[in-house]
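The next block holds one structure in the form of structure tokens; read it before the comments.
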Amino acid sequence: MAAQPSIVVHVLPPSHPCATVEAALKLKGLEYERVELPLGRSSEEMERIYGEGKRTVPGVLVDGEPVHGSTAILERLEQLVAEPPLFPGGLDTAVAAAARWGDEELQDLGRRLPWGALHFRPESMGTFAGPGAVALDPAGTDFAMKFIHGTWKYHGITAQRLAADLADLPAKLDRIDAFVAEGILGGEQPNAADLQIGATLSVLLTVGDLRPLIEGRPAEQVARRFFDDRPGLVPAGAFPAGWIATSA
């Protein structure tokens with residue numbers, strides 16, 4: 001058996017694509033070094049390591065070879081270790097397409113909607129620090145307000161964009177439920193699409209306003225099966241009531 005390559009993973013703790021990659025590494029039984037980058041200063045370091053324009057996490061070095069972005073990393077891990085498969089035979093094309101949809105169409109909602117909700121409830125940022133963490137005190141809330149303002153600018157968040165995201169979410173949840181019905185998600189063995197989509201759903205479940213749209217449907221099980229330990233909660237009522245769909 002060939003020796004395992006050296007694997008270094010660059011992450012930000014809150015990042016759901018990073019959670020996707022770490023879940024895949026564990027599924028494959030691969031040992032790796034985890035390097036946490038500092039919030040607010042990660043972009044420059046990622047670009048230095050992975051190349052011009054590659055400023056977001058996650059990134060993986062495989063024997064020094066840079067692989068950037070969750071989709072490319074999952075594909076590279078499949079090349080390294082065939083079993084258990086992330087793209088199982090017979091479903092490989094459908095799983096790859098669903099995983100790419102999760103990356104390109106769904107993943108950004110896991111950034112915009114939680115940060116958008118935190119704008120209205122900045123003290124809740126403290127609950128994302130880990131198990132048992134609580135809401136911030138007034139001084140911490142002052143810091144959070146400044147930090148959240150920066151994330152809105154970085155991610156291009158506006159109130160109009162949030163309202164559009166919220167309006168589009170039910171259709172995206174319907175599509176995820178359809179993936180489950182088709183056997184693309186939610187099988188006995190997790191695949192690349194489960195990990196890509198489930199990680200984003202786990203972040204959306206930290207927003208109290210979104211829980212009624214997700215809970216009780218197949219999409220919820222995709223999130224909770226593989227990513228049920230994510231901390232954080234923005235209480236319901238953060239978003240203006242008129243922005244939230246009454247049902248999925």
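Quick note on naming: the chains in the structure tokens go A, B, ... in the order shown, residues restart at 1 in each chain, and ligands are numbered from 1 in order of appearance.
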
Which residues come within 10 Å of A:Pro240, counting only C-alpha atoms, excluding same-chain residues fewer than 6 positions away, as a list in words?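 Contacts, with the query itself left out: Ala117, Phe120, Ala163 and Asp209 of chain A.
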
Please produce a file of the residues just selected, as a CSV table (one decimal), in the first residue's frame, where the atoms kept are N, CA and C atoms.
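So the final result, stored in again.csv, reads:
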chain,number,residue,atom,x,y,z
A,117,ALA,N,-28.8,37.9,9.0
A,117,ALA,CA,-29.5,37.8,10.2
A,117,ALA,C,-28.8,38.4,11.4
A,120,PHE,N,-29.1,42.1,12.3
A,120,PHE,CA,-30.3,42.5,13.1
A,120,PHE,C,-30.1,42.0,14.6
A,163,ALA,N,-33.6,39.8,0.8
A,163,ALA,CA,-35.0,39.5,0.5
A,163,ALA,C,-35.1,38.6,-0.7
A,209,ASP,N,-35.1,32.1,12.0
A,209,ASP,CA,-36.2,32.4,11.0
A,209,ASP,C,-36.3,31.4,9.9

DSSP strand (DSSP E) residues within stretch 10-240 of chain A, listed as a list of chain:residue names: A:His10, A:Val11, A:Glu33, A:Arg34, A:Val35, A:Glu36, A:Gly59, A:Val60, A:Leu61, A:Val62, A:Glu65, A:Pro66, A:Val67, A:His68

Need to verify the contact set: stretch 170-176 of chain A, 12 Å, only C-alpha atoms, exclusion of same-chain residues closer than 2 positions in sequence. Can you return it as an MDAnalysis selection string? chainID A and resid 98:99 101:102 105:107 109 164:168 178:186 193:194 196:198 200:201 204 210:223 244:248

Quick one: residues within 6 Å of stretch 53-56 of chain A, only C-alpha atoms counted, chain neighbours fewer than 5 positions away excluded, as number ranges by chain? A: 43, 46-47

When DSSP is applied to the backbone of this structure, which of stretch 55-237 of chain A are assigned alpha helix (DSSP H)? Write them out as a count of residues only. 100

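The shell of residues at most 6 Å from A:Ile7, with only C-alpha atoms counted and near chain neighbours (fewer than 4 positions) removed, consists of Tyr32, Leu61 and Val62 of chain A.
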
Save the residues we just selected, C-alpha atoms, as a CSV table (one decimal), in the first residue's frame?
chain,number,residue,atom,x,y,z
A,32,TYR,CA,-4.2,15.8,7.8
A,61,LEU,CA,-1.9,21.1,0.0
A,62,VAL,CA,-1.3,17.5,-1.1

Tell me, as a PyMOL selection string, which residues lie within 8 Å of stretch 154-156 of chain A, counting only C-alpha atoms; anything in the same chain fewer than 2 positions away does not count. chain A and resi 111-112+150-152+158

Output file for the selection above: N, CA, C and O atoms, as a PDB file, in the first residue's frame:
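Result saved to result-v3.pdb:
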ATOM      1  N   ARG A 111     -23.572  31.872   3.572  1.00  0.00           N
ATOM      2  CA  ARG A 111     -22.816  33.042   4.021  1.00  0.00           C
ATOM      3  C   ARG A 111     -23.760  34.235   4.203  1.00  0.00           C
ATOM      4  O   ARG A 111     -23.800  34.865   5.255  1.00  0.00           O
ATOM      5  N   ARG A 112     -24.530  34.524   3.159  1.00  0.00           N
ATOM      6  CA  ARG A 112     -25.331  35.748   3.185  1.00  0.00           C
ATOM      7  C   ARG A 112     -26.447  35.714   4.220  1.00  0.00           C
ATOM      8  O   ARG A 112     -26.680  36.716   4.917  1.00  0.00           O
ATOM      9  N   GLY A 150     -18.384  44.686   8.137  1.00  0.00           N
ATOM     10  CA  GLY A 150     -17.337  44.309   7.193  1.00  0.00           C
ATOM     11  C   GLY A 150     -17.718  43.090   6.370  1.00  0.00           C
ATOM     12  O   GLY A 150     -17.410  43.014   5.175  1.00  0.00           O
ATOM     13  N   THR A 151     -18.406  42.117   6.995  1.00  0.00           N
ATOM     14  CA  THR A 151     -18.796  40.932   6.239  1.00  0.00           C
ATOM     15  C   THR A 151     -19.856  41.255   5.190  1.00  0.00           C
ATOM     16  O   THR A 151     -19.870  40.660   4.109  1.00  0.00           O
ATOM     17  N   TRP A 152     -20.736  42.195   5.497  1.00  0.00           N
ATOM     18  CA  TRP A 152     -21.718  42.609   4.484  1.00  0.00           C
ATOM     19  C   TRP A 152     -21.009  43.163   3.255  1.00  0.00           C
ATOM     20  O   TRP A 152     -21.363  42.850   2.119  1.00  0.00           O
ATOM     21  N   THR A 158     -26.763  43.012   0.674  1.00  0.00           N
ATOM     22  CA  THR A 158     -27.646  44.169   0.794  1.00  0.00           C
ATOM     23  C   THR A 158     -29.000  43.655   1.266  1.00  0.00           C
ATOM     24  O   THR A 158     -29.309  42.462   1.148  1.00  0.00           O
TER      25      THR A 158
END

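Across the model, the gap from atom CA of A:Pro17 to atom CA of A:Gly69 is 8.0 Å.
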
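The space separating atom CA of A:Ala19 from atom CA of A:Ala199 comes to 6.5 Å.
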
How far is it from atom CA of A:Gly232 to atom CA of A:Leu39, in Å with one decimal?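 Value for the atom CA of A:Gly232-atom CA of A:Leu39 distance: 16.6 Å.
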
Each stretch 180-246 of chain A residue no farther than 9 Å from stretch 129-143 of chain A, nearest pair in Å, only C-alpha atoms, as JSON lines:
{"residue": "A:Asp229", "atom": "CA", "partner": "A:Pro131", "partner_atom": "CA", "distance": 8.5}
{"residue": "A:Arg230", "atom": "CA", "partner": "A:Gly130", "partner_atom": "CA", "distance": 8.0}
{"residue": "A:Pro231", "atom": "CA", "partner": "A:Gly130", "partner_atom": "CA", "distance": 5.4}
{"residue": "A:Gly232", "atom": "CA", "partner": "A:Ala129", "partner_atom": "CA", "distance": 7.4}

Just N, CA and C atoms for this one: save the residues we selected as a compact mmCIF listing (two decimals), in the first residue's frame.
# COMPACT_ATOMS: atom_id res chain seq x y z
N ASP A 229 -23.55 19.08 14.76
CA ASP A 229 -22.87 19.65 15.93
C ASP A 229 -22.45 21.10 15.72
N ARG A 230 -23.03 21.77 14.74
CA ARG A 230 -22.64 23.15 14.46
C ARG A 230 -23.23 24.08 15.52
N PRO A 231 -22.38 24.90 16.16
CA PRO A 231 -22.90 25.84 17.16
C PRO A 231 -23.52 27.07 16.51
N GLY A 232 -24.22 27.84 17.33
CA GLY A 232 -24.75 29.13 16.89
C GLY A 232 -26.25 29.14 16.73

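Proximity ranking of A:Asp63, A:Pro13, A:Gly90, A:Lys26 relative to A:Phe128 places A:Pro13 first, based on only C-alpha atoms.
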
Residues near stretch 205-208 of chain A, cut-off 7 Å, only C-alpha atoms, skip fewer than 5 positions along chain, as a ChimeraX atom specification: /A:114,232-236

Best match for closeness to A:Glu75 among A:Ala241, A:Val35, A:Pro88, A:Ala192, counting only C-alpha atoms: A:Ala192
